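Peer 1: Sharing query.txt, compact mmCIF, C-alpha atoms and all ligand atoms:
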```txt
# COMPACT_ATOMS: atom_id res chain seq x y z
CA MET A 1267 44.22 0.14 48.42
CA GLN A 1268 45.58 2.63 45.90
CA ILE A 1269 43.66 5.03 43.70
CA LEU A 1270 45.15 6.27 40.46
CA VAL A 1271 44.32 9.85 39.50
CA THR A 1272 45.37 10.60 35.93
CA GLY A 1273 45.83 14.30 35.26
CA GLY A 1274 46.11 14.65 39.03
CA LEU A 1275 48.14 17.86 38.79
CA GLY A 1276 45.45 19.61 36.77
CA PHE A 1277 42.71 21.91 37.98
CA ILE A 1278 39.99 19.44 38.98
CA GLY A 1279 42.47 16.57 39.44
CA SER A 1280 44.54 18.33 42.11
CA HIS A 1281 41.45 19.26 44.14
CA THR A 1282 40.25 15.66 43.90
CA VAL A 1283 43.62 14.34 45.14
CA VAL A 1284 43.22 16.56 48.22
CA GLU A 1285 39.71 15.22 48.91
CA LEU A 1286 40.82 11.60 48.39
CA GLN A 1287 43.75 12.00 50.78
CA ALA A 1288 41.43 13.61 53.34
CA LYS A 1289 39.42 10.37 53.22
CA GLY A 1290 42.53 8.26 53.80
CA PHE A 1291 43.01 6.92 50.27
CA GLU A 1292 46.55 6.32 49.05
CA VAL A 1293 46.78 8.26 45.82
CA VAL A 1294 49.04 7.72 42.83
CA VAL A 1295 49.08 10.62 40.39
CA ILE A 1296 49.98 10.28 36.72
CA ASP A 1297 50.52 13.48 34.80
CA ASP A 1298 52.62 14.26 31.73
CA CYS A 1299 52.87 17.92 32.85
CA SER A 1300 51.84 19.08 29.38
CA ASN A 1301 49.36 21.49 30.98
CA ALA A 1302 50.37 21.32 34.64
CA ASP A 1303 53.34 21.92 36.90
CA GLU A 1304 55.05 19.56 39.32
CA LYS A 1305 54.91 22.36 41.92
CA VAL A 1306 51.21 21.52 42.31
CA LEU A 1307 52.45 18.57 44.40
CA ASP A 1308 53.78 21.05 46.96
CA GLY A 1309 50.41 22.82 47.11
CA ILE A 1310 48.68 19.48 47.68
CA GLU A 1311 51.17 18.62 50.42
CA LYS A 1312 50.60 21.95 52.17
CA ILE A 1313 46.87 21.24 52.38
CA SER A 1314 46.99 17.47 53.03
CA GLY A 1315 50.24 17.16 54.92
CA LYS A 1316 51.04 14.45 52.42
CA LYS A 1317 52.33 14.22 48.86
CA PRO A 1318 50.71 11.65 46.60
CA ILE A 1319 52.98 9.19 44.78
CA PHE A 1320 53.83 10.83 41.47
CA GLU A 1321 54.61 9.23 38.11
CA LYS A 1322 55.42 11.58 35.23
CA LEU A 1323 54.15 9.50 32.39
CA ASP A 1324 52.64 9.89 28.93
CA LEU A 1325 49.48 7.79 28.78
CA LYS A 1326 49.61 7.84 24.96
CA ASP A 1327 52.40 5.27 25.28
CA ARG A 1328 50.56 1.96 25.54
CA GLY A 1329 53.66 0.11 26.82
CA LYS A 1330 54.08 2.60 29.64
CA VAL A 1331 50.44 2.20 30.67
CA GLU A 1332 50.82 -1.60 30.79
CA ASP A 1333 54.05 -1.26 32.72
CA PHE A 1334 52.43 1.11 35.21
CA PHE A 1335 49.66 -1.35 36.08
CA HIS A 1336 52.26 -4.11 36.53
CA ARG A 1337 54.22 -1.93 38.91
CA TYR A 1338 51.11 -0.86 40.85
CA PRO A 1339 49.01 -4.02 41.23
CA ASP A 1340 47.14 -2.53 44.22
CA VAL A 1341 45.43 0.16 42.15
CA GLU A 1342 41.74 -0.73 42.42
CA GLY A 1343 40.23 2.54 41.34
CA VAL A 1344 41.02 5.09 38.66
CA ILE A 1345 39.76 8.64 38.32
CA HIS A 1346 40.62 9.63 34.79
CA PHE A 1347 41.05 13.38 34.24
CA ALA A 1348 44.02 13.38 31.87
CA ALA A 1349 42.75 14.92 28.63
CA SER A 1350 43.05 17.96 26.43
CA LYS A 1351 40.25 20.45 26.99
CA ALA A 1352 40.53 23.50 24.74
CA VAL A 1353 37.54 23.58 22.42
CA GLY A 1354 39.15 25.87 19.81
CA GLU A 1355 42.40 23.92 19.72
CA SER A 1356 40.46 20.68 19.21
CA VAL A 1357 39.01 22.10 16.00
CA GLU A 1358 42.54 22.89 14.76
CA LYS A 1359 44.10 19.61 15.91
CA PRO A 1360 41.41 16.92 15.97
CA LEU A 1361 43.82 13.97 15.84
CA LEU A 1362 45.72 15.25 18.86
CA TYR A 1363 42.41 15.30 20.76
CA TYR A 1364 41.33 11.85 19.60
CA GLU A 1365 44.72 10.38 20.46
CA ASN A 1366 44.98 12.14 23.81
CA ASN A 1367 41.41 11.74 25.00
CA ILE A 1368 40.37 8.46 23.36
CA GLY A 1369 43.61 6.51 22.89
CA THR A 1370 44.60 6.87 26.54
CA LEU A 1371 41.10 5.92 27.72
CA VAL A 1372 41.23 2.68 25.73
CA TYR A 1373 44.65 1.74 27.14
CA ILE A 1374 43.52 2.29 30.72
CA LEU A 1375 40.27 0.35 30.24
CA LYS A 1376 42.22 -2.55 28.70
CA GLU A 1377 44.36 -2.78 31.82
CA LEU A 1378 41.40 -2.44 34.19
CA SER A 1379 39.52 -5.18 32.32
CA LYS A 1380 42.24 -7.62 33.39
CA LYS A 1381 41.50 -7.07 37.08
CA ASN A 1382 39.10 -9.05 39.25
CA LYS A 1383 37.36 -5.84 40.21
CA ALA A 1384 38.03 -2.30 39.12
CA SER A 1385 36.32 1.05 39.61
CA PHE A 1386 36.56 3.82 37.06
CA ILE A 1387 35.40 7.44 37.19
CA PHE A 1388 35.36 9.41 33.94
CA SER A 1389 35.43 13.20 33.48
CA SER A 1390 32.62 13.91 31.12
CA SER A 1391 30.95 17.21 30.42
CA CYS A 1392 27.55 18.85 30.05
CA THR A 1393 28.81 19.67 26.57
CA VAL A 1394 27.33 16.28 25.51
CA TYR A 1395 23.84 17.82 25.81
CA GLY A 1396 24.56 20.75 23.47
CA GLN A 1397 21.63 23.17 23.70
CA ALA A 1398 19.19 20.95 25.55
CA ASP A 1399 15.50 21.41 24.82
CA LYS A 1400 14.41 21.47 28.48
CA MET A 1401 15.84 23.08 31.62
CA PRO A 1402 17.05 21.92 34.04
CA ILE A 1403 18.90 19.19 32.13
CA THR A 1404 18.37 15.63 33.32
CA GLU A 1405 20.73 12.75 32.55
CA ASP A 1406 18.26 11.24 30.08
CA ALA A 1407 18.22 14.37 27.91
CA PRO A 1408 19.39 13.39 24.42
CA VAL A 1409 23.06 13.65 23.57
CA LYS A 1410 23.31 16.17 20.72
CA GLU A 1411 25.71 16.13 17.81
CA ALA A 1412 29.05 17.41 19.14
CA GLU A 1413 30.05 20.97 18.22
CA SER A 1414 33.79 20.23 18.38
CA PRO A 1415 36.26 17.32 18.40
CA TYR A 1416 36.73 18.03 22.15
CA GLY A 1417 33.00 17.58 22.77
CA ASN A 1418 33.02 14.51 20.57
CA THR A 1419 35.79 12.90 22.65
CA LYS A 1420 33.52 13.16 25.70
CA GLN A 1421 30.60 11.53 23.85
CA ILE A 1422 32.76 8.80 22.34
CA GLY A 1423 34.50 8.31 25.68
CA GLU A 1424 31.16 7.64 27.37
CA GLU A 1425 30.18 5.19 24.62
CA ILE A 1426 33.49 3.31 24.90
CA ILE A 1427 33.04 2.93 28.65
CA SER A 1428 29.39 1.89 28.30
CA ASP A 1429 30.22 -0.73 25.62
CA THR A 1430 33.14 -2.07 27.66
CA CYS A 1431 31.07 -2.35 30.85
CA LYS A 1432 28.42 -4.40 28.99
CA VAL A 1433 30.92 -7.20 28.42
CA THR A 1434 33.12 -6.67 31.48
CA PRO A 1435 31.14 -7.32 34.66
CA ASN A 1436 34.23 -6.77 36.80
CA LEU A 1437 34.50 -3.21 35.58
CA ASN A 1438 32.33 -0.62 37.32
CA ALA A 1439 32.23 2.88 35.94
CA ILE A 1440 30.63 6.25 36.49
CA ALA A 1441 30.76 9.17 34.06
CA LEU A 1442 30.36 12.54 35.75
CA ARG A 1443 29.01 15.23 33.47
CA TYR A 1444 30.40 18.46 34.85
CA PHE A 1445 28.71 21.76 34.30
CA ASN A 1446 31.01 24.82 34.61
CA PRO A 1447 33.78 24.25 37.18
CA MET A 1448 35.25 27.35 38.85
CA GLY A 1449 37.11 28.59 41.92
CA ALA A 1450 40.12 27.33 43.82
CA HIS A 1451 40.90 25.64 47.12
CA PRO A 1452 39.98 28.02 49.99
CA SER A 1453 43.61 27.83 51.18
CA ALA A 1454 44.74 29.23 47.79
CA GLU A 1455 47.46 26.54 47.73
CA ILE A 1456 46.02 25.04 44.52
CA GLY A 1457 43.80 26.42 41.78
CA GLU A 1458 43.65 26.76 38.02
CA LEU A 1459 47.19 27.38 36.76
CA PRO A 1460 47.58 30.29 34.39
CA ILE A 1461 49.14 28.34 31.52
CA GLY A 1462 48.40 30.00 28.17
CA VAL A 1463 45.32 32.08 27.44
CA PRO A 1464 42.42 31.28 29.77
CA GLN A 1465 39.52 29.43 28.20
CA ASN A 1466 36.71 30.13 30.61
CA LEU A 1467 34.76 33.08 31.96
CA VAL A 1468 35.94 33.16 35.58
CA PRO A 1469 39.71 33.25 34.88
CA PHE A 1470 39.02 36.00 32.34
CA ILE A 1471 37.16 37.97 35.01
CA THR A 1472 39.83 37.57 37.71
CA ARG A 1473 42.62 38.41 35.27
CA THR A 1474 40.78 41.57 34.33
CA GLY A 1475 40.32 42.35 38.02
CA VAL A 1476 44.02 41.99 38.71
CA GLY A 1477 44.87 44.25 35.77
CA LEU A 1478 46.36 41.68 33.40
CA ARG A 1479 43.59 42.42 30.91
CA LYS A 1480 42.15 45.84 30.21
CA GLU A 1481 38.54 44.74 30.08
CA LEU A 1482 36.32 41.72 29.94
CA SER A 1483 34.36 41.07 26.76
CA VAL A 1484 30.85 39.84 27.45
CA PHE A 1485 29.87 37.72 24.48
CA GLY A 1486 26.41 38.94 23.57
CA ASP A 1487 23.50 40.50 25.50
CA ASP A 1488 20.82 39.65 22.97
CA TYR A 1489 20.12 36.08 24.06
CA PRO A 1490 16.56 35.15 25.05
CA THR A 1491 17.35 35.30 28.80
CA GLU A 1492 16.30 37.81 31.45
CA ASP A 1493 19.35 40.08 31.11
CA GLY A 1494 20.24 38.93 27.59
CA THR A 1495 23.48 37.15 28.56
CA CYS A 1496 24.06 33.38 28.53
CA ILE A 1497 23.21 31.21 31.50
CA ARG A 1498 25.44 28.47 32.90
CA ASP A 1499 25.63 26.34 36.04
CA TYR A 1500 28.86 27.31 37.85
CA ILE A 1501 30.02 24.55 40.17
CA TYR A 1502 32.68 25.11 42.82
CA VAL A 1503 35.71 22.92 42.13
CA VAL A 1504 35.86 21.65 45.74
CA ASP A 1505 32.23 20.49 45.54
CA LEU A 1506 33.01 18.90 42.19
CA ALA A 1507 36.11 17.16 43.60
CA LYS A 1508 33.98 15.72 46.41
CA ALA A 1509 31.54 14.29 43.86
CA HIS A 1510 34.40 12.16 42.50
CA VAL A 1511 35.18 10.74 45.92
CA VAL A 1512 31.54 9.94 46.61
CA ALA A 1513 31.20 8.28 43.18
CA LEU A 1514 34.33 6.22 43.73
CA GLU A 1515 33.16 5.12 47.19
CA ARG A 1516 29.85 4.02 45.67
CA LEU A 1517 31.71 1.70 43.29
CA LEU A 1518 34.21 0.42 45.86
CA ALA A 1519 31.32 -0.46 48.20
CA SER A 1520 29.41 -2.12 45.31
CA LYS A 1521 26.43 0.17 45.90
CA ASN A 1522 25.93 0.70 42.18
CA PRO A 1523 22.90 -1.15 40.77
CA LYS A 1524 24.40 -1.07 37.26
CA ASN A 1525 28.04 -1.27 36.29
CA TYR A 1526 27.84 1.89 34.19
CA GLU A 1527 26.10 5.03 35.41
CA VAL A 1528 26.02 8.70 34.47
CA PHE A 1529 25.49 11.66 36.80
CA ASN A 1530 25.21 15.40 36.30
CA VAL A 1531 27.45 17.43 38.57
CA GLY A 1532 26.25 20.99 38.91
CA THR A 1533 24.49 23.21 41.41
CA GLY A 1534 21.10 23.09 39.72
CA LYS A 1535 21.08 26.88 39.52
CA GLY A 1536 21.73 28.90 36.40
CA SER A 1537 23.62 32.20 36.52
CA SER A 1538 23.94 34.72 33.72
CA VAL A 1539 27.27 36.23 32.70
CA LEU A 1540 26.17 39.55 34.27
CA GLU A 1541 25.27 37.75 37.52
CA VAL A 1542 28.72 36.16 37.59
CA ILE A 1543 30.27 39.60 37.09
CA GLY A 1544 28.03 40.92 39.92
CA SER A 1545 29.28 38.15 42.19
CA PHE A 1546 32.87 39.09 41.36
CA GLU A 1547 32.21 42.77 42.06
CA LYS A 1548 31.14 41.84 45.62
CA VAL A 1549 34.59 40.47 46.47
CA TYR A 1550 36.38 42.98 44.25
CA GLY A 1551 34.69 45.90 46.00
CA LYS A 1552 34.37 47.96 42.83
CA LYS A 1553 33.03 47.80 39.29
CA LEU A 1554 34.66 45.45 36.81
CA ASN A 1555 35.63 46.97 33.49
CA TYR A 1556 33.58 45.05 30.93
CA ARG A 1557 32.09 45.65 27.51
CA ILE A 1558 29.31 43.89 25.66
CA VAL A 1559 30.60 42.55 22.34
CA GLY A 1560 29.12 40.22 19.74
CA ARG A 1561 28.17 36.61 20.40
CA ARG A 1562 30.92 33.97 20.51
CA GLN A 1563 30.46 31.35 17.83
CA GLY A 1564 29.27 28.01 19.17
CA ASP A 1565 27.87 29.35 22.47
CA ILE A 1566 24.59 27.92 23.63
CA THR A 1567 22.04 30.12 25.41
CA THR A 1568 21.32 28.24 28.60
CA ALA A 1569 22.56 25.15 30.43
CA TYR A 1570 21.96 24.17 34.03
CA ALA A 1571 21.72 20.80 35.67
CA ASP A 1572 18.95 18.83 37.23
CA THR A 1573 20.95 17.34 40.10
CA THR A 1574 18.18 15.16 41.55
CA LYS A 1575 19.89 11.93 40.50
CA ALA A 1576 23.25 12.87 42.06
CA ASN A 1577 21.47 14.17 45.19
CA ASN A 1578 19.34 11.07 45.70
CA GLU A 1579 21.50 8.24 44.40
CA LEU A 1580 25.03 9.44 45.05
CA GLY A 1581 24.04 11.35 48.16
CA TRP A 1582 26.05 14.30 46.87
CA LYS A 1583 24.98 17.92 46.75
CA SER A 1584 26.89 21.12 46.07
CA ILE A 1585 27.30 23.17 49.25
CA TYR A 1586 29.12 26.33 48.25
CA SER A 1587 27.47 29.33 46.61
CA LEU A 1588 28.64 31.23 43.55
CA ASP A 1589 29.87 33.99 45.89
CA ASP A 1590 31.93 31.51 47.97
CA ALA A 1591 33.45 30.07 44.81
CA MET A 1592 34.17 33.54 43.46
CA GLU A 1593 35.89 34.58 46.67
CA SER A 1594 38.25 31.60 46.34
CA ALA A 1595 38.91 32.35 42.65
CA TRP A 1596 39.83 35.94 43.49
CA LYS A 1597 42.05 34.91 46.40
CA TRP A 1598 43.88 32.49 44.08
CA GLU A 1599 44.32 35.03 41.29
CA GLN A 1600 45.80 37.56 43.72
CA LYS A 1601 48.11 34.97 45.21
CA ILE A 1602 49.55 33.81 41.90
CA ARG A 1603 50.13 37.41 40.79
CA ASN A 1604 52.11 38.13 43.95
C1 LIG A 1701 33.15 25.91 27.81
C2 LIG A 1701 33.38 24.95 26.67
C3 LIG A 1701 32.80 23.61 27.04
C4 LIG A 1701 33.36 23.12 28.37
C5 LIG A 1701 33.04 24.19 29.42
C6 LIG A 1701 33.50 23.83 30.81
C7 LIG A 1701 33.37 26.35 24.66
C8 LIG A 1701 32.62 26.73 23.43
N1 LIG A 1701 32.78 25.46 25.45
O1 LIG A 1701 31.77 26.10 27.91
O2 LIG A 1701 33.07 22.66 26.04
O3 LIG A 1701 32.77 21.91 28.72
O4 LIG A 1701 33.64 25.42 29.03
O5 LIG A 1701 34.87 24.06 30.99
O6 LIG A 1701 34.46 26.82 24.90
N2 LIG A 1701 32.02 34.43 28.32
C9 LIG A 1701 32.11 35.80 28.13
N3 LIG A 1701 33.32 36.37 28.03
C10 LIG A 1701 34.50 35.64 28.13
C11 LIG A 1701 34.40 34.25 28.33
C12 LIG A 1701 33.15 33.67 28.42
O7 LIG A 1701 31.09 36.49 28.04
O8 LIG A 1701 35.58 36.24 28.02
C13 LIG A 1701 30.69 33.81 28.47
C14 LIG A 1701 30.40 32.76 27.40
O9 LIG A 1701 29.80 33.35 26.30
C15 LIG A 1701 29.46 31.83 28.16
C16 LIG A 1701 29.90 31.94 29.62
O10 LIG A 1701 30.67 33.13 29.69
O11 LIG A 1701 28.15 32.31 28.08
C17 LIG A 1701 30.73 30.78 30.06
O12 LIG A 1701 31.77 30.59 29.13
P1 LIG A 1701 32.91 29.48 29.33
O13 LIG A 1701 33.51 29.63 30.67
O14 LIG A 1701 33.81 29.56 28.15
O15 LIG A 1701 32.11 28.11 29.38
P2 LIG A 1701 31.11 27.44 28.32
O16 LIG A 1701 30.95 28.27 27.13
O17 LIG A 1701 29.88 27.09 29.05
```
Let me see whether you can do it: turn the structure in this file into structure tokens.
Ligand code: UD1
Peer 2:
Amino acid sequence: MQILVTGGLGFIGSHTVVELQAKGFEVVVIDDCSNADEKVLDGIEKISGKKPIFEKLDLKDRGKVEDFFHRYPDVEGVIHFAASKAVGESVEKPLLYYENNIGTLVYILKELSKKNKASFIFSSSCTVYGQADKMPITEDAPVKEAESPYGNTKQIGEEIISDTCKVTPNLNAIALRYFNPMGAHPSAEIGELPIGVPQNLVPFITRTGVGLRKELSVFGDDYPTEDGTCIRDYIYVVDLAKAHVVALERLLASKNPKNYEVFNVGTGKGSSVLEVIGSFEKVYGKKLNYRIVGRRQGDITTAYADTTKANNELGWKSIYSLDDAMESAWKWEQKIRN
């Protein structure tokens, strides 16, 4: 049996390929390398002792998607990461985001609908909750109006899958709503590639630590939280990758009571920006140069997951602590700078 991982050279995708191969799955990766490098295949091979099959392919080309599924009839499961993910850019280029994140999803689902049985895992995001009214956030918390075209593609993506599953009993799908992924493989063979300006807190911290940036800006310390900085649920990328494998196995073994399900993937613990900096300073061994600046537009105050559903139904739980994840992020940053 083959598993297709789209965007398999990306940050979460590459870690998931490693976990799938560790479980004996034969993996086919599709990536257009628009935000990834083919060298990631070497990193995967160093960890797994095996390179996945690789197809450099643009999923926006409907004909190429059809052709791929003809050439790989043994693909029974798809983990779909391939998407654009920069919130700011999505505001500037909404059609690029809708084409990239929605168009490709539709093409893949069309092909999977033709199969006798297919399993599909979708990368969704806690961004669908916006600023939730209650913490921790459960899966039945209302989906709030999206703040950006990127966020909207995750909401619409979930709706497309849900609608398709209603009329396609052969299709089984799970949407995983990630909280804030961070870290790198403990081997430092794969991690988040430094293409362009980083988008998230942890790469900003490690780049400051390594001297590429003079200081870190902390966006606001006047939020209604204990230390005034925003709270997020930072999930280690290896734990997150494992959640995909567990979700896929649930579908392959027909253990899913419904053919469309949604799960939060987080640690269940919220950490403030200053706590994340404190965690970094433990591995760094000195103080990080940071400055409190004004709030960043569009930031919510607090978001952390209720992971009871994933714990009980998927049988998945995050294992690694923020400090473990931070250690791996720092090891990775130092490696890529050398
Ligand atoms: C961002 C995205 C969200 C995406 C998520 C996971 C935005 C507005 N939202 O969320 O759609 O699902 O990443 O990848 O981009 N911070 C600083 N200084 C920095 C960078 C960040 O103080 O230089 C703070 C932010 O204000 C926030 C926290 O760190 O409180 C985390 O920020 P970030 O990593 O960008 O994630 P989110 O804002 O949660």
Peer 1: Give me the residues of chain A that have any atom at most 8 Å from an atom of ligand LIG 1701 (chain A); for each, the nearest atom pair and the distance in Å, rounded to one decimal. Use all atoms listed in the file, sort by chain and number, and format it as JSON lines.
Peer 2:
```
{"residue": "A:Lys1351", "atom": "CA", "partner": "A:LIG1701", "partner_atom": "C4", "distance": 7.5}
{"residue": "A:Ala1352", "atom": "CA", "partner": "A:LIG1701", "partner_atom": "O6", "distance": 6.9}
{"residue": "A:Val1353", "atom": "CA", "partner": "A:LIG1701", "partner_atom": "O6", "distance": 5.1}
{"residue": "A:Gly1354", "atom": "CA", "partner": "A:LIG1701", "partner_atom": "O6", "distance": 7.0}
{"residue": "A:Ser1391", "atom": "CA", "partner": "A:LIG1701", "partner_atom": "O3", "distance": 5.3}
{"residue": "A:Cys1392", "atom": "CA", "partner": "A:LIG1701", "partner_atom": "O3", "distance": 6.2}
{"residue": "A:Thr1393", "atom": "CA", "partner": "A:LIG1701", "partner_atom": "O3", "distance": 5.0}
{"residue": "A:Tyr1416", "atom": "CA", "partner": "A:LIG1701", "partner_atom": "O2", "distance": 7.1}
{"residue": "A:Gly1417", "atom": "CA", "partner": "A:LIG1701", "partner_atom": "O2", "distance": 6.0}
{"residue": "A:Tyr1444", "atom": "CA", "partner": "A:LIG1701", "partner_atom": "C6", "distance": 7.4}
{"residue": "A:Phe1445", "atom": "CA", "partner": "A:LIG1701", "partner_atom": "C6", "distance": 6.3}
{"residue": "A:Asn1446", "atom": "CA", "partner": "A:LIG1701", "partner_atom": "C6", "distance": 4.6}
{"residue": "A:Pro1447", "atom": "CA", "partner": "A:LIG1701", "partner_atom": "O5", "distance": 6.3}
{"residue": "A:Gln1465", "atom": "CA", "partner": "A:LIG1701", "partner_atom": "O14", "distance": 5.7}
{"residue": "A:Asn1466", "atom": "CA", "partner": "A:LIG1701", "partner_atom": "O13", "distance": 3.2}
{"residue": "A:Leu1467", "atom": "CA", "partner": "A:LIG1701", "partner_atom": "C11", "distance": 3.8}
{"residue": "A:Val1468", "atom": "CA", "partner": "A:LIG1701", "partner_atom": "O13", "distance": 6.5}
{"residue": "A:Phe1470", "atom": "CA", "partner": "A:LIG1701", "partner_atom": "O8", "distance": 5.5}
{"residue": "A:Ile1471", "atom": "CA", "partner": "A:LIG1701", "partner_atom": "O8", "distance": 7.4}
{"residue": "A:Leu1482", "atom": "CA", "partner": "A:LIG1701", "partner_atom": "O8", "distance": 5.9}
{"residue": "A:Ser1483", "atom": "CA", "partner": "A:LIG1701", "partner_atom": "N3", "distance": 5.0}
{"residue": "A:Val1484", "atom": "CA", "partner": "A:LIG1701", "partner_atom": "O7", "distance": 3.4}
{"residue": "A:Phe1485", "atom": "CA", "partner": "A:LIG1701", "partner_atom": "O7", "distance": 4.0}
{"residue": "A:Gly1486", "atom": "CA", "partner": "A:LIG1701", "partner_atom": "O7", "distance": 6.9}
{"residue": "A:Thr1495", "atom": "CA", "partner": "A:LIG1701", "partner_atom": "O11", "distance": 6.7}
{"residue": "A:Cys1496", "atom": "CA", "partner": "A:LIG1701", "partner_atom": "O11", "distance": 4.3}
{"residue": "A:Ile1497", "atom": "CA", "partner": "A:LIG1701", "partner_atom": "O11", "distance": 6.1}
{"residue": "A:Arg1498", "atom": "CA", "partner": "A:LIG1701", "partner_atom": "O17", "distance": 6.0}
{"residue": "A:Ser1538", "atom": "CA", "partner": "A:LIG1701", "partner_atom": "O11", "distance": 7.4}
{"residue": "A:Val1539", "atom": "CA", "partner": "A:LIG1701", "partner_atom": "O10", "distance": 5.5}
{"residue": "A:Ile1558", "atom": "CA", "partner": "A:LIG1701", "partner_atom": "O7", "distance": 8.0}
{"residue": "A:Arg1561", "atom": "CA", "partner": "A:LIG1701", "partner_atom": "O9", "distance": 6.9}
{"residue": "A:Arg1562", "atom": "CA", "partner": "A:LIG1701", "partner_atom": "O9", "distance": 5.9}
{"residue": "A:Gln1563", "atom": "CA", "partner": "A:LIG1701", "partner_atom": "C8", "distance": 7.6}
{"residue": "A:Gly1564", "atom": "CA", "partner": "A:LIG1701", "partner_atom": "C8", "distance": 5.6}
{"residue": "A:Asp1565", "atom": "CA", "partner": "A:LIG1701", "partner_atom": "C8", "distance": 5.5}
{"residue": "A:Ile1566", "atom": "CA", "partner": "A:LIG1701", "partner_atom": "O11", "distance": 7.2}
{"residue": "A:Thr1567", "atom": "CA", "partner": "A:LIG1701", "partner_atom": "O11", "distance": 7.0}
{"residue": "A:Thr1568", "atom": "CA", "partner": "A:LIG1701", "partner_atom": "O11", "distance": 8.0}
{"residue": "A:Ala1569", "atom": "CA", "partner": "A:LIG1701", "partner_atom": "O17", "distance": 7.7}
```
Peer 1: With distances taken over only C-alpha atoms, which residue among A:Met1592, A:Gly1532, A:Pro1415, A:Leu1307 lies nearest Glu1355 of chain A?
Peer 2: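 When distances to Glu1355 of chain A are compared using only C-alpha atoms, the smallest one comes from A:Pro1415.
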Peer 1: Quick one: of A:Val1306, A:Ile1461, A:Ile1269, A:Val1394, who's nearest to Val1293 of chain A, counting only C-alpha atoms?
Peer 2: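 Among the listed residues, A:Ile1269 lies closest to Val1293 of chain A.
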Peer 1: Just to confirm, what's the straight-line distance from atom CA of Arg1337 of chain A to atom CA of Ile1387 of chain A in Å (one decimal)?
Peer 2: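 Taking atom CA of Arg1337 of chain A as the start and atom CA of Ile1387 of chain A as the end point, the length is 21.1 Å.
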Peer 1: Pick out the closest residue to Ala1349 of chain A from this set: A:Glu1411, A:Lys1376, A:Lys1305, A:Thr1419. Count all atoms listed in the file.
Peer 2: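 Residue with the minimum atom-to-atom distance to Ala1349 of chain A: A:Thr1419.
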Peer 1: Report, in Å with one decimal, the straight-line distance from atom CA of Met1401 of chain A to atom CA of Thr1491 of chain A.
Peer 2: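 So the two atoms, atom CA of Met1401 of chain A and atom CA of Thr1491 of chain A, lie 12.6 Å apart.
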Peer 1: What residues have an atom no more than 8 Å from (38.0, -8.4, 32.9) in the file's own frame, counting only C-alpha atoms, and can you write them as a JSON list (two decimals) with C-alpha atoms, keeping the file's coordinate frame?
Peer 2:
```
[["chain", "number", "residue", "atom", "x", "y", "z"],
["A", 1378, "LEU", "CA", 41.40, -2.44, 34.19],
["A", 1379, "SER", "CA", 39.52, -5.18, 32.32],
["A", 1380, "LYS", "CA", 42.24, -7.62, 33.39],
["A", 1381, "LYS", "CA", 41.50, -7.07, 37.08],
["A", 1382, "ASN", "CA", 39.10, -9.05, 39.25],
["A", 1383, "LYS", "CA", 37.36, -5.84, 40.21],
["A", 1434, "THR", "CA", 33.12, -6.67, 31.48],
["A", 1435, "PRO", "CA", 31.14, -7.32, 34.66],
["A", 1436, "ASN", "CA", 34.23, -6.77, 36.80],
["A", 1437, "LEU", "CA", 34.50, -3.21, 35.58]]
```
Peer 1: Here is a test: counting only C-alpha atoms, which residue of A:Ala1571, A:Ile1427, A:Ile1345, A:Val1549 is nearest to Ala1513 of chain A?
Peer 2: A:Ile1345
Peer 1: Pick out the residues sitting within 9 Å of Asp1324 of chain A, and hand them over as a list in words; count all atoms listed in the file, and ignore anything fewer than 3 positions along from it in its own chain.
Peer 2: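 My reading of the contact set: Ile1296, Asp1297, Asp1298, Cys1299, Asp1327, Arg1328, Lys1330, Val1331 and Thr1370 of chain A.
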Peer 1: Separation of atom CA of Tyr1526 of chain A and atom CA of Ala1441 of chain A, in Å?
Peer 2: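 Separating atom CA of Tyr1526 of chain A from atom CA of Ala1441 of chain A is a distance of 7.8 Å.
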Peer 1: A:Lys1400, A:His1510, A:Lys1480, A:His1336: which is nearest Ala1439 of chain A, counting only C-alpha atoms?
Peer 2: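 Between A:Lys1400, A:His1510, A:Lys1480, A:His1336, the residue approaching Ala1439 of chain A most closely is A:His1510.
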Peer 1: Taking into account all atoms listed in the file, which residue in the set A:Thr1474, A:Asn1525, A:Ser1594, A:Asn1577 is nearest to Tyr1556 of chain A?
Peer 2: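 With all atoms listed in the file as the atom set, the closest residue is A:Thr1474.
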